[in-house]
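What follows is the content of protein.csv, which has CSV, C-alpha atoms (C1' of nucleotides):
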chain,number,residue,atom,x,y,z
A,7,MET,CA,6.2,22.5,-9.9
A,8,LEU,CA,7.9,20.1,-12.2
A,9,LYS,CA,6.3,16.6,-12.6
A,10,LYS,CA,9.5,15.0,-11.3
A,11,GLU,CA,9.3,17.1,-8.2
A,12,ARG,CA,5.7,16.1,-7.6
A,13,PHE,CA,6.5,12.4,-7.6
A,14,ARG,CA,9.5,13.0,-5.4
A,15,ARG,CA,7.3,14.8,-2.8
A,16,PHE,CA,4.6,12.2,-3.1
A,17,ILE,CA,7.0,9.3,-2.5
A,18,GLU,CA,8.9,11.1,0.2
A,19,TYR,CA,5.8,11.9,2.2
A,20,PHE,CA,4.2,8.4,2.1
A,21,THR,CA,7.5,6.6,2.6
A,22,GLN,CA,7.7,8.6,5.9
A,23,HIS,CA,4.1,8.1,7.0
A,24,TYR,CA,3.1,4.8,5.5
A,25,PRO,CA,6.3,2.9,5.0
A,26,ASP,CA,4.6,-0.5,4.5
A,27,PRO,CA,1.1,0.0,3.1
A,28,LYS,CA,-1.0,-3.1,2.5
A,29,THR,CA,-4.4,-4.0,1.2
A,30,GLU,CA,-7.2,-3.9,3.7
A,31,LEU,CA,-8.8,-7.0,2.2
A,32,HIS,CA,-8.5,-10.1,4.4
A,33,PHE,CA,-7.0,-13.1,2.7
A,34,SER,CA,-4.6,-15.9,3.4
A,35,ASN,CA,-3.6,-17.2,-0.1
A,36,PRO,CA,-3.7,-16.1,-3.8
A,37,PHE,CA,-7.1,-17.8,-4.3
A,38,GLU,CA,-8.7,-15.9,-1.5
A,39,LEU,CA,-7.2,-12.6,-2.6
A,40,LEU,CA,-8.5,-13.2,-6.2
A,41,ALA,CA,-12.0,-13.9,-4.9
A,42,ALA,CA,-11.9,-10.9,-2.6
A,43,VAL,CA,-10.7,-8.6,-5.3
A,44,ILE,CA,-13.4,-9.8,-7.7
A,45,LEU,CA,-16.0,-9.2,-5.0
A,46,SER,CA,-14.6,-5.7,-4.2
A,47,ALA,CA,-15.7,-4.0,-7.4
A,48,GLN,CA,-17.9,-1.0,-6.5
A,49,CYS,CA,-18.0,-2.2,-2.9
A,50,THR,CA,-16.1,-1.3,0.3
A,51,ASP,CA,-13.4,-3.6,1.5
A,52,LYS,CA,-15.1,-3.5,4.9
A,53,ARG,CA,-18.1,-5.2,3.5
A,54,ILE,CA,-16.1,-7.8,1.7
A,55,ASN,CA,-14.3,-8.6,4.9
A,56,GLN,CA,-17.6,-9.2,6.6
A,57,ILE,CA,-18.8,-11.9,4.2
A,58,SER,CA,-15.5,-13.4,3.1
A,59,PRO,CA,-14.8,-15.6,6.2
A,60,ALA,CA,-17.9,-17.7,5.7
A,61,LEU,CA,-17.3,-17.8,1.9
A,62,PHE,CA,-13.7,-19.0,2.3
A,63,ALA,CA,-14.7,-21.5,5.0
A,64,ARG,CA,-17.2,-23.1,2.6
A,65,PHE,CA,-15.0,-22.8,-0.5
A,66,PRO,CA,-11.4,-23.0,0.7
A,67,GLU,CA,-9.9,-23.6,-2.7
A,68,PRO,CA,-10.8,-23.5,-6.4
A,69,GLU,CA,-11.9,-27.1,-6.5
A,70,SER,CA,-14.9,-26.7,-4.1
A,71,LEU,CA,-15.8,-23.3,-5.7
A,72,ALA,CA,-15.7,-24.8,-9.2
A,73,ALA,CA,-18.1,-27.6,-8.1
A,74,ALA,CA,-20.6,-25.2,-6.4
A,75,SER,CA,-23.8,-23.9,-7.8
A,76,VAL,CA,-24.1,-20.2,-8.7
A,77,GLU,CA,-27.1,-20.1,-6.4
A,78,GLU,CA,-25.2,-21.3,-3.3
A,79,VAL,CA,-22.4,-18.9,-4.0
A,80,PHE,CA,-24.9,-16.1,-4.4
A,81,SER,CA,-26.3,-16.9,-0.9
A,82,TYR,CA,-22.9,-16.1,0.6
A,83,ILE,CA,-22.4,-12.8,-1.3
A,84,ARG,CA,-25.9,-11.4,-1.5
A,85,SER,CA,-25.0,-8.3,0.5
A,86,VAL,CA,-22.2,-7.1,-1.9
A,87,SER,CA,-22.9,-5.1,-5.0
A,88,TYR,CA,-23.8,-7.0,-8.2
A,89,PRO,CA,-24.1,-10.4,-6.4
A,90,ASN,CA,-25.6,-12.1,-9.5
A,91,ASN,CA,-22.7,-11.2,-11.7
A,92,LYS,CA,-20.1,-11.8,-9.1
A,93,ALA,CA,-21.5,-15.3,-8.2
A,94,LYS,CA,-21.2,-16.3,-11.9
A,95,HIS,CA,-17.7,-14.8,-12.1
A,96,LEU,CA,-16.5,-16.6,-9.0
A,97,VAL,CA,-17.7,-20.0,-10.1
A,98,GLY,CA,-16.5,-19.4,-13.7
A,99,MET,CA,-13.1,-18.2,-12.3
A,100,ALA,CA,-12.7,-21.4,-10.2
A,101,LYS,CA,-13.7,-23.6,-13.1
A,102,ALA,CA,-11.2,-21.9,-15.4
A,103,VAL,CA,-8.5,-22.2,-12.8
A,104,MET,CA,-9.2,-25.9,-12.4
A,105,GLU,CA,-9.5,-26.7,-16.1
A,106,ARG,CA,-6.8,-24.5,-17.6
A,107,PHE,CA,-4.3,-23.8,-14.7
A,108,GLY,CA,-4.3,-27.0,-12.7
A,109,GLY,CA,-5.9,-25.4,-9.7
A,110,GLU,CA,-3.2,-22.8,-9.3
A,111,ILE,CA,-3.8,-19.0,-9.7
A,112,PRO,CA,-1.9,-17.9,-12.8
A,113,ALA,CA,0.9,-15.3,-12.4
A,114,THR,CA,0.8,-13.2,-15.6
A,115,VAL,CA,-1.5,-10.4,-16.6
A,116,GLU,CA,-2.4,-12.2,-19.8
A,117,GLU,CA,-3.4,-15.4,-18.1
A,118,LEU,CA,-5.2,-13.7,-15.2
A,119,GLN,CA,-7.3,-11.6,-17.6
A,120,THR,CA,-8.6,-14.8,-19.3
A,121,LEU,CA,-10.4,-15.7,-16.1
A,122,PRO,CA,-14.1,-14.7,-15.8
A,123,GLY,CA,-14.5,-11.5,-13.7
A,124,VAL,CA,-10.9,-10.6,-13.9
A,125,GLY,CA,-10.0,-7.4,-15.8
A,126,ARG,CA,-6.8,-5.4,-16.0
A,127,LYS,CA,-7.3,-3.8,-12.6
A,128,THR,CA,-7.9,-7.1,-10.8
A,129,ALA,CA,-5.0,-8.8,-12.6
A,130,HIS,CA,-2.6,-6.1,-11.6
A,131,VAL,CA,-3.7,-6.2,-8.0
A,132,ILE,CA,-2.9,-9.9,-7.8
A,133,LEU,CA,0.5,-9.5,-9.4
A,134,SER,CA,1.3,-6.5,-7.2
A,135,VAL,CA,0.1,-7.9,-3.9
A,136,VAL,CA,1.1,-11.6,-4.3
A,137,TYR,CA,4.3,-11.3,-6.3
A,138,ASN,CA,5.3,-7.7,-5.5
A,139,GLU,CA,5.6,-7.1,-9.3
A,140,PRO,CA,5.8,-3.4,-10.5
A,141,THR,CA,2.3,-3.3,-12.0
A,142,MET,CA,0.0,-0.3,-11.3
A,143,ALA,CA,-3.6,-1.3,-10.8
A,144,VAL,CA,-5.7,1.8,-11.5
A,145,ASP,CA,-9.0,1.9,-9.6
A,146,THR,CA,-11.4,4.8,-8.9
A,147,HIS,CA,-9.1,6.1,-6.1
A,148,VAL,CA,-5.9,5.9,-8.0
A,149,PHE,CA,-7.6,7.5,-11.0
A,150,ARG,CA,-9.0,10.4,-9.0
A,151,VAL,CA,-6.1,11.1,-6.7
A,152,SER,CA,-3.5,11.0,-9.5
A,153,HIS,CA,-5.4,13.7,-11.4
A,154,ARG,CA,-5.8,15.9,-8.3
A,155,LEU,CA,-2.1,15.7,-7.3
A,156,GLY,CA,-0.9,16.3,-10.8
A,157,LEU,CA,0.7,12.8,-11.1
A,158,ALA,CA,-1.3,12.1,-14.2
A,159,PRO,CA,-2.4,14.8,-16.8
A,160,LEU,CA,-6.1,15.6,-17.1
A,161,THR,CA,-5.7,14.4,-20.7
A,162,ALA,CA,-5.3,10.9,-19.3
A,163,THR,CA,-9.0,10.1,-19.4
A,164,THR,CA,-8.8,6.3,-19.2
A,165,PRO,CA,-7.5,4.0,-16.5
A,166,LEU,CA,-4.9,2.7,-18.9
A,167,ALA,CA,-3.7,6.3,-19.7
A,168,VAL,CA,-3.3,7.0,-16.0
A,169,GLU,CA,-1.5,3.7,-15.5
A,170,LYS,CA,1.1,4.7,-18.2
A,171,ALA,CA,1.5,8.1,-16.7
A,172,LEU,CA,2.2,6.7,-13.3
A,173,MET,CA,4.5,3.9,-14.5
A,174,ALA,CA,6.5,6.5,-16.4
A,175,HIS,CA,7.5,8.4,-13.2
A,176,VAL,CA,7.2,6.0,-10.2
A,177,PRO,CA,10.5,4.1,-9.6
A,178,LYS,CA,9.8,0.3,-10.0
A,179,GLN,CA,10.6,-0.5,-6.3
A,180,TYR,CA,7.8,2.0,-5.3
A,181,VAL,CA,5.1,0.9,-7.7
A,182,PRO,CA,3.3,-1.6,-5.4
A,183,LYS,CA,3.5,0.8,-2.5
A,184,ALA,CA,2.4,3.8,-4.6
A,185,HIS,CA,-0.7,1.8,-5.6
A,186,HIS,CA,-1.7,1.4,-1.9
A,187,TRP,CA,-0.7,4.9,-1.0
A,188,LEU,CA,-3.0,6.4,-3.6
A,189,ILE,CA,-5.8,4.1,-2.4
A,190,LEU,CA,-5.4,4.9,1.2
A,191,HIS,CA,-5.1,8.6,0.5
A,192,GLY,CA,-8.2,8.5,-1.7
A,193,ARG,CA,-10.2,6.4,0.8
A,194,TYR,CA,-9.5,8.5,3.9
A,195,ILE,CA,-8.3,12.0,2.9
A,196,CYS,CA,-8.7,12.7,-0.8
A,197,VAL,CA,-12.3,11.3,-0.9
A,198,ALA,CA,-14.4,11.8,-4.0
A,199,ARG,CA,-16.8,14.4,-2.5
A,200,LEU,CA,-15.5,17.2,-0.2
A,201,PRO,CA,-12.0,16.0,0.1
A,202,LYS,CA,-10.4,16.7,3.5
A,203,CYS,CA,-7.8,19.1,2.2
A,204,GLU,CA,-7.3,20.6,5.7
A,205,ARG,CA,-5.8,17.2,6.8
A,206,CYS,CA,-3.7,16.7,3.6
A,207,ASP,CA,0.0,17.5,3.8
A,208,LEU,CA,0.3,17.5,0.0
A,209,ARG,CA,-2.1,20.4,-0.6
A,210,ASP,CA,0.8,22.8,-1.3
A,211,PHE,CA,1.3,21.2,-4.7
A,212,CYS,CA,-2.2,19.8,-5.3
A,213,LYS,CA,-3.8,21.0,-8.5
A,214,TYR,CA,-7.3,20.3,-7.0
A,215,TYR,CA,-6.6,22.4,-3.9
A,216,GLU,CA,-5.1,25.1,-6.1
A,217,LYS,CA,-8.3,25.3,-8.1
A,218,ASN,CA,-10.8,24.8,-5.3
A,219,ARG,CA,-9.0,26.3,-2.3
A,220,ILE,CA,-12.1,28.4,-1.4
A,221,ASN,CA,-14.5,25.5,-1.3
A,222,ALA,CA,-11.9,23.2,0.2
A,223,LEU,CA,-11.4,25.5,3.2
A,224,VAL,CA,-15.1,25.5,4.2
B,24,DA,C1',-28.1,11.7,-4.3
B,25,DT,C1',-23.5,9.8,-4.5
B,26,DC,C1',-19.9,6.7,-3.9
B,27,DC,C1',-17.5,2.2,-3.0
B,28,DC,C1',-9.9,-1.1,-4.8
B,29,DG,C1',-14.9,-2.9,-12.2
B,30,DA,C1',-16.1,-6.2,-15.7
B,31,DG,C1',-18.7,-7.8,-19.5
B,32,DG,C1',-21.4,-6.9,-23.4
B,33,DG,C1',-23.5,-4.2,-27.1
C,16,DC,C1',-17.8,4.7,-26.8
C,17,DC,C1',-22.0,3.4,-24.1
C,18,DC,C1',-24.9,0.6,-20.9
C,19,DT,C1',-25.9,-2.9,-17.2
C,20,DC,C1',-25.3,-5.1,-12.9
C,21,DT,C1',-28.0,-3.0,-8.7
C,22,DG,C1',-26.1,-3.7,-2.1
C,23,DG,C1',-25.0,-0.8,1.5
C,24,DA,C1',-23.1,3.3,3.8
C,25,DT,C1',-23.2,8.3,4.1
Would you kindly transcribe this structure into structure tokens?
Amino acid sequence: MLKKERFRRFIEYFTQHYPDPKTELHFSNPFELLAAVILSAQCTDKRINQISPALFARFPEPESLAAASVEEVFSYIRSVSYPNNKAKHLVGMAKAVMERFGGEIPATVEELQTLPGVGRKTAHVILSVVYNEPTMAVDTHVFRVSHRLGLAPLTATTPLAVEKALMAHVPKQYVPKAHHWLILHGRYICVARLPKCERCDLRDFCKYYEKNRINALV
DNA sequence: ATCCCGAGGG
DNA sequence: CCCTCTGGAT
């Protein structure tokens, strides 16, 4: 199947079944989303949503978080992965936002990536979710599912290479949606271990299914 | 044992 | 490129 046809099938299927996909992280403003995404690294959204209400109640904006001690922030996030690093990142992010951006979350990839704890993936999530900009954040799900469905070549061995492959073929108006589609599919159907191919409607053109159809049917 | 919407540092 | 961080669910 031609690559163009793969993307067409991918977009057609999800447009029909998930017309308005959204992040599962709970937030009510860009600051909360940024904090939640920083915390979400190597951690489930469900866990982040369990601890974020208390965190956001105590630190409702960058100003209070910037003034907080790393130890106090740690006490709110101790149950997420890498709490030491993330507590430092959150306080450092808030201080940088106060000192360099007047308390407002910046709106460009370059500026976002200067914030502690914010890499390319996190920056793109903010731009995509808050501003609906056509940027493709490549996380573990996007990376894995893109390869399996043949949306990115196996020679794309880095997140940046997968990002470029996707951006080359996903129409701009679908980029923010495609990001969430790949995550939802990766989280619930196309999981890392023993993907649920019997529940996947895209298996007829899936490279992973084609190669592993015996195991996948067990 | 493996994975979860990674980033920073060497 | 590699390694570290290192909680919780399955």
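The coordinates place atom CA of His130 of chain A at 5.0 Å from atom CA of Ala143 of chain A.
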Each chain B residue no farther than 10 Å from chain C, nearest pair in Å, only C-alpha atoms (C1' of nucleotides), as CSV:
residue,atom,partner,partner_atom,distance
B:DT25,C1',C:DT25,C1',8.7
B:DC26,C1',C:DT25,C1',8.8
B:DC27,C1',C:DA24,C1',8.9
B:DA30,C1',C:DC20,C1',9.7
B:DG31,C1',C:DT19,C1',9.0
B:DG32,C1',C:DT19,C1',8.6
B:DG33,C1',C:DC18,C1',8.0
Which one of A:Gly192, A:Pro89, A:Gly109, A:Gly123 sits closest to chain B if you count all atoms listed in the file?
->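 So, comparing all the options, the nearest one is A:Gly123.
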Give the residues of chain A that lie within 10 Å of chain B; count only C-alpha atoms (C1' of nucleotides), and format the answer as JSON, numbers by chain.
-> {"A": [29, 30, 31, 43, 44, 45, 46, 47, 48, 49, 50, 51, 53, 87, 91, 92, 95, 122, 123, 124, 125, 126, 127, 128, 131, 143, 144, 145, 146, 147, 148, 185, 186, 189, 190, 193, 197, 198, 199]}
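Take atom CA of Asp207 of chain A and atom CA of Leu172 of chain A: the distance between them is 20.3 Å.
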Do you have the atom CA of Asn55 of chain A-atom CA of Val97 of chain A distance handy?
->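 If I compute the distance from atom CA of Asn55 of chain A to atom CA of Val97 of chain A, I get 19.1 Å.
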Near chain C, meaning an atom within 8 Å, which residues of chain A appear when counting only C-alpha atoms (C1' of nucleotides)? Write them as an mmCIF file with C-alpha atoms, keeping the file's coordinate frame.
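selection-v6.cif, written as the output of this step:
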data_model
loop_
_atom_site.group_PDB
_atom_site.id
_atom_site.type_symbol
_atom_site.label_atom_id
_atom_site.label_comp_id
_atom_site.auth_asym_id
_atom_site.auth_seq_id
_atom_site.Cartn_x
_atom_site.Cartn_y
_atom_site.Cartn_z
ATOM 1 C CA ARG A 84 -25.900 -11.400 -1.500
ATOM 2 C CA SER A 85 -25.000 -8.300 0.500
ATOM 3 C CA VAL A 86 -22.200 -7.100 -1.900
ATOM 4 C CA SER A 87 -22.900 -5.100 -5.000
ATOM 5 C CA TYR A 88 -23.800 -7.000 -8.200
ATOM 6 C CA ASN A 90 -25.600 -12.100 -9.500
ATOM 7 C CA ASN A 91 -22.700 -11.200 -11.700
#
Show which residues sit within 9 Å of Leu71 of chain A, as a PyMOL selection string. Count only C-alpha atoms (C1' of nucleotides), and ignore same-chain residues fewer than 5 positions away.
-> chain A and resi 64-66+79+96-101
When you look at Glu67 of chain A with a cut-off of 8 Å (counting all atoms listed in the file), what residues show up, excluding the ones that are within fewer than 3 positions of it in the same chain? I need them as a PDB file with C-alpha atoms, keeping the file's coordinate frame.
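The result, written out as part06.pdb:
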ATOM      1  CA  PHE A  37      -7.100 -17.800  -4.300  1.00  0.00           C
ATOM      2  CA  GLU A  38      -8.700 -15.900  -1.500  1.00  0.00           C
ATOM      3  CA  PHE A  62     -13.700 -19.000   2.300  1.00  0.00           C
ATOM      4  CA  SER A  70     -14.900 -26.700  -4.100  1.00  0.00           C
ATOM      5  CA  LEU A  71     -15.800 -23.300  -5.700  1.00  0.00           C
TER       6      LEU A  71
END
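Distances to Val181 of chain A were evaluated for A:Pro68, A:Pro159, A:Pro140, A:Pro59 using only C-alpha atoms, and the minimum falls at A:Pro140.
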Counting all atoms listed in the file, the option among A:Ile17, A:Ala93, A:Leu61, A:Leu118 closest to Leu40 of chain A = A:Leu118
